[in-house]
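Colleague: Next comes the structure file query-v6.cif, holding mmCIF, C-alpha atoms.
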```
data_work
#
loop_
_atom_site.label_atom_id
_atom_site.label_comp_id
_atom_site.auth_asym_id
_atom_site.auth_seq_id
_atom_site.Cartn_x
_atom_site.Cartn_y
_atom_site.Cartn_z
CA MET D 12 118.73 71.79 84.78
CA ASN D 13 115.05 72.75 84.94
CA ARG D 14 115.05 75.79 87.25
CA THR D 15 111.39 76.27 88.07
CA VAL D 16 109.73 78.24 90.86
CA TYR D 17 106.07 77.89 91.78
CA LEU D 18 104.74 81.04 93.45
CA ILE D 19 101.99 81.47 96.01
CA GLY D 20 101.06 84.92 97.27
CA ILE D 21 99.60 85.20 100.74
CA ASP D 22 98.81 87.56 103.56
CA HIS D 23 101.71 87.16 106.00
CA LYS D 24 99.29 86.23 108.78
CA TYR D 25 99.25 82.64 107.46
CA GLN D 26 103.00 82.51 107.30
CA HIS D 27 103.57 83.90 110.77
CA ASN D 28 100.48 82.81 112.69
CA SER D 29 101.56 85.32 115.30
CA VAL D 30 99.66 87.10 118.03
CA PHE D 31 100.95 90.26 116.36
CA TYR D 32 98.45 89.69 113.52
CA ARG D 33 94.70 89.55 113.73
CA LYS D 34 93.44 86.21 114.92
CA LEU D 35 92.98 83.64 112.17
CA PRO D 36 89.73 81.71 111.85
CA VAL D 37 89.68 78.22 113.27
CA GLY D 38 91.16 75.80 110.76
CA ALA D 39 92.98 78.44 108.69
CA ILE D 40 96.50 77.16 109.39
CA GLU D 41 95.42 73.57 108.80
CA ALA D 42 93.84 74.62 105.50
CA PHE D 43 97.06 76.41 104.53
CA GLU D 44 99.10 73.31 105.43
CA ASP D 45 96.79 71.09 103.37
CA TYR D 46 96.96 73.49 100.43
CA ILE D 47 100.77 73.64 100.46
CA SER D 48 100.99 69.85 100.82
CA THR D 49 98.75 69.40 97.78
CA VAL D 50 100.73 71.90 95.71
CA CYS D 51 104.00 70.15 96.64
CA SER D 52 102.64 66.73 95.78
CA LYS D 53 101.11 67.79 92.43
CA ASN D 54 104.24 69.63 91.28
CA GLY D 55 107.06 67.43 92.56
CA ILE D 56 108.41 70.21 94.78
CA GLU D 57 111.91 69.58 96.15
CA ALA D 58 112.28 72.70 98.31
CA ILE D 59 110.23 75.48 99.88
CA GLY D 60 111.47 79.05 100.17
CA GLU D 61 109.74 82.02 101.69
CA ASP D 62 109.71 85.77 102.08
CA PHE D 63 110.82 85.64 105.70
CA HIS D 64 114.01 86.05 107.74
CA GLN D 65 115.05 84.12 110.83
CA SER D 66 115.22 87.40 112.77
CA ASP D 67 111.47 87.89 112.10
CA LEU D 68 110.72 85.09 114.54
CA LYS D 69 109.31 86.49 117.75
CA LYS D 70 108.97 85.05 121.21
CA ASP D 71 105.60 83.55 120.33
CA ARG D 72 106.99 81.19 117.66
CA LYS D 73 110.17 79.27 116.89
CA MET D 74 109.61 78.82 113.15
CA SER D 75 107.28 79.93 110.40
CA THR D 76 104.22 77.95 109.43
CA THR D 77 105.87 77.29 106.08
CA LYS D 78 108.98 75.79 107.70
CA LYS D 79 106.76 73.52 109.81
CA ILE D 80 105.09 72.33 106.60
CA ALA D 81 108.47 71.70 104.94
CA ILE D 82 109.63 69.62 107.92
CA LYS D 83 106.42 67.63 107.87
CA LEU D 84 106.80 66.97 104.13
CA LYS D 85 110.55 66.27 104.48
CA LYS D 86 111.37 69.07 102.02
CA CYS D 87 114.35 71.38 102.08
CA HIS D 88 113.40 74.82 103.47
CA LYS D 89 115.00 78.26 103.20
CA TYR D 90 114.13 81.61 104.77
CA CYS D 91 115.04 83.75 101.74
CA SER D 92 114.74 87.30 103.03
CA LEU D 93 117.99 89.09 103.62
CA SER D 94 119.01 90.44 106.99
CA ASP D 95 118.82 94.22 107.26
CA GLU D 96 122.62 94.38 106.92
CA GLU D 97 122.58 92.28 103.73
CA ALA D 98 119.73 94.35 102.26
CA LEU D 99 121.59 97.58 103.00
CA LYS D 100 124.42 96.35 100.75
CA LEU D 101 121.89 96.13 97.87
CA GLY D 102 120.75 99.72 98.47
CA TRP D 103 117.73 99.12 100.69
CA GLN D 104 116.90 101.92 103.13
CA PRO D 105 115.64 100.73 106.54
CA THR D 106 113.23 103.57 107.19
CA LEU D 107 111.79 105.84 104.59
CA SER D 108 110.05 109.04 105.48
CA GLN D 109 107.84 111.13 103.29
CA ARG D 110 109.91 114.03 102.02
CA ARG D 111 108.74 117.58 102.47
CA GLY D 112 106.40 118.42 99.60
CA GLU D 113 106.33 114.80 98.36
CA SER D 114 102.89 113.52 97.47
CA ALA D 115 101.59 110.40 99.17
CA ASP D 116 101.57 108.62 95.79
CA LYS D 117 105.22 109.53 95.14
CA PHE D 118 106.19 108.35 98.61
CA ASP D 119 104.28 105.08 98.17
CA GLU D 120 106.08 104.44 94.86
CA ARG D 121 109.49 105.21 96.42
CA ASP D 122 108.65 102.94 99.37
CA TRP D 123 107.59 100.15 96.97
CA GLN D 124 110.83 100.48 94.95
CA ASN D 125 112.77 100.24 98.21
CA ASP D 126 110.78 97.15 99.21
CA LYS D 127 111.50 95.50 95.84
CA ILE D 128 115.24 95.61 96.61
CA ARG D 129 114.66 92.77 99.04
CA GLU D 130 113.30 90.64 96.18
CA LYS D 131 116.81 90.57 94.69
CA GLY D 132 117.97 88.88 97.88
CA TRP D 133 115.26 86.25 97.53
CA VAL D 134 116.58 85.39 94.06
CA GLN D 135 120.15 85.17 95.40
CA ASN D 136 119.05 82.77 98.12
CA ILE D 137 116.95 80.66 95.75
CA LEU D 138 119.90 80.31 93.37
CA ALA D 139 122.23 79.46 96.26
CA LEU D 140 119.83 76.77 97.48
CA ASN D 141 119.76 75.28 93.96
CA LYS D 142 116.89 72.80 94.57
CA TRP D 143 114.32 72.49 91.80
CA PRO D 144 111.42 72.72 91.47
CA LEU D 145 110.98 75.13 94.34
CA LEU D 146 107.80 76.48 95.90
CA PHE D 147 108.10 80.09 97.03
CA ILE D 148 105.69 81.77 99.45
CA CYS D 149 105.63 85.57 99.54
CA GLY D 150 103.42 88.52 100.26
CA SER D 151 100.74 88.87 97.59
CA LYS D 152 101.91 92.30 96.51
CA HIS D 153 105.21 90.79 95.31
CA ILE D 154 103.82 88.20 92.88
CA SER D 155 104.01 90.30 89.72
CA SER D 156 107.35 92.01 90.32
CA PHE D 157 109.02 88.92 91.77
CA SER D 158 107.89 86.63 88.95
CA GLU D 159 109.37 89.12 86.47
CA LEU D 160 112.64 89.21 88.42
CA LEU D 161 112.81 85.40 88.46
CA GLU D 162 112.16 85.21 84.72
CA ASN D 163 114.90 87.79 84.13
CA SER D 164 117.20 85.43 86.08
CA SER D 165 116.39 82.56 83.65
CA ILE D 166 114.09 80.84 86.12
CA ARG D 167 110.80 79.43 84.88
CA VAL D 168 107.82 80.69 86.90
CA HIS D 169 104.38 79.23 87.54
CA ILE D 170 102.03 81.38 89.58
CA ILE D 171 99.90 78.95 91.56
CA HIS D 172 97.90 81.56 93.43
CA GLU D 173 98.25 85.34 93.51
CA ASN D 174 96.55 85.79 96.87
CA TRP D 175 95.64 82.60 98.71
CA GLU D 176 93.02 83.07 101.43
CA HIS D 177 91.34 80.60 103.72
CA ASN D 178 87.65 80.29 102.84
CA GLU D 179 85.69 79.66 105.97
#
```
How would this structure read if it were set down as structure tokens?
Modeller:
Amino acid sequence: MNRTVYLIGIDHKYQHNSVFYRKLPVGAIEAFEDYISTVCSKNGIEAIGEDFHQSDLKKDRKMSTTKKIAIKLKKCHKYCSLSDEEALKLGWQPTLSQRRGESADKFDERDWQNDKIREKGWVQNILALNKWPLLFICGSKHISSFSELLENSSIRVHIIHENWEHNE
């Protein structure tokens, strides 16, 4: 079986399109939808996964932009982020505070290592979905570490875009 993941890094504002983020320029969501559609078509994508959890949905939206795209394209979709309870089992800490005497750089590194724990859950969910090739949408800062984690799980990785942005 050819287990391949195509990665696109984004700012979560495109994924959420929520009032909780700064307002997107006119046409940004449509441009994102067109971009994802093109990537899926060119690469024979069977499923779309994303760095998102169902509990992240707020009152202003019922599904992520990415899920809407998957429905439109008739592709399998999976929210791959773990719930807080599931992440805790992997060692994730829900709130980190800077320790007394800890430098900001040390805290940032510790916070990043904690954040990377969630990436392990993404891999678990991708493997459980077992649809290939898969397009995965995640925050741009995860592209390097997540691609390495996928490769270490014997999954072939193609980085399509490290930080997709809408160009007005």
Colleague: Going by the chain IDs and residue numbers used in this file, which residues fall under the PyMOL selection byres ((chain D and resi 109) around 6)? Write them as a PyMOL selection string.
Modeller: chain D and resi 108+110+118
Colleague: Which residues, written as a compact mmCIF listing (two decimals) with C-alpha atoms, keeping the file's coordinate frame, have at least one atom at most 8 Å from His88 (chain D), with all atoms listed in the file counted and residues fewer than 3 positions away on the same chain left out?
Modeller:
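Contents of part-v6.txt, as written:
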```txt
# COMPACT_ATOMS: atom_id res chain seq x y z
CA ALA D 58 112.28 72.70 98.31
CA ILE D 59 110.23 75.48 99.88
CA GLY D 60 111.47 79.05 100.17
CA LYS D 78 108.98 75.79 107.70
CA ALA D 81 108.47 71.70 104.94
CA ILE D 82 109.63 69.62 107.92
```
Colleague: Given all atoms listed in the file as the basis, pick out the residue of D:Trp123, D:Leu101, D:Gly112, D:Cys149 nearest to Thr77 (chain D).
Modeller: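 Ranked by minimum distance to Thr77 (chain D), first place goes to D:Cys149.
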Colleague: Could you spell out the hits of the PyMOL selection byres ((chain D and resi 132) around 8) on the shown file, as number ranges by chain?
Modeller: D: 91-93, 98, 128-131, 133-136
Colleague: Taking the file above as input, evaluate the PyMOL selection byres ((chain D and resi 156-168) around 7) and report the hits as a list of chain:residue names.
Modeller: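 Taken on the displayed file, the PyMOL selection byres ((chain D and resi 156-168) around 7) yields the residues D:Arg14, D:Thr15, D:Val16, D:Tyr17, D:Glu130, D:Val134, D:His153, D:Ile154, D:Ser155, D:His169, D:Ile170.
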Colleague: Hey, what's within 9 Å of Ile40 (chain D) if we count all atoms listed in the file and toss same-chain stuff fewer than 6 positions away? As a list in words, please?
Modeller: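 So, after excluding close chain neighbours, the residues are Tyr25, Gln26, Asn28, Thr76 and His177 of chain D.
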Colleague: Given the choices D:Cys87, D:Gly38, D:Lys79, D:Asp67, which gets closest to Pro144 (chain D) if the distance is worked out from all atoms listed in the file?
Modeller: D:Cys87
Colleague: Near Pro105 (chain D), counting only C-alpha atoms, which residues have an atom at most 10 Å away, once you skip same-chain residues fewer than 4 positions from it, shown as a ChimeraX atom specification?
Modeller: /D:95-96,98-99,125-126
Colleague: If you measure from CA of Glu57 (chain D) to CA of Val37 (chain D), what distance in Å do you get, rounded to one decimal?
Modeller: 29.4 Å
Colleague: Quick one: of D:Asp45, D:Leu18, D:Lys142, D:Asn13, who's nearest to Leu84 (chain D), counting all atoms listed in the file?
Modeller: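 Under the stated criterion, the closest residue is D:Asp45.
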Colleague: Residues around (97.4, 82.8, 95.0), cut-off 7 Å, counting only C-alpha atoms - what are they as a PyMOL selection string?
Modeller: chain D and resi 19-21+171-175
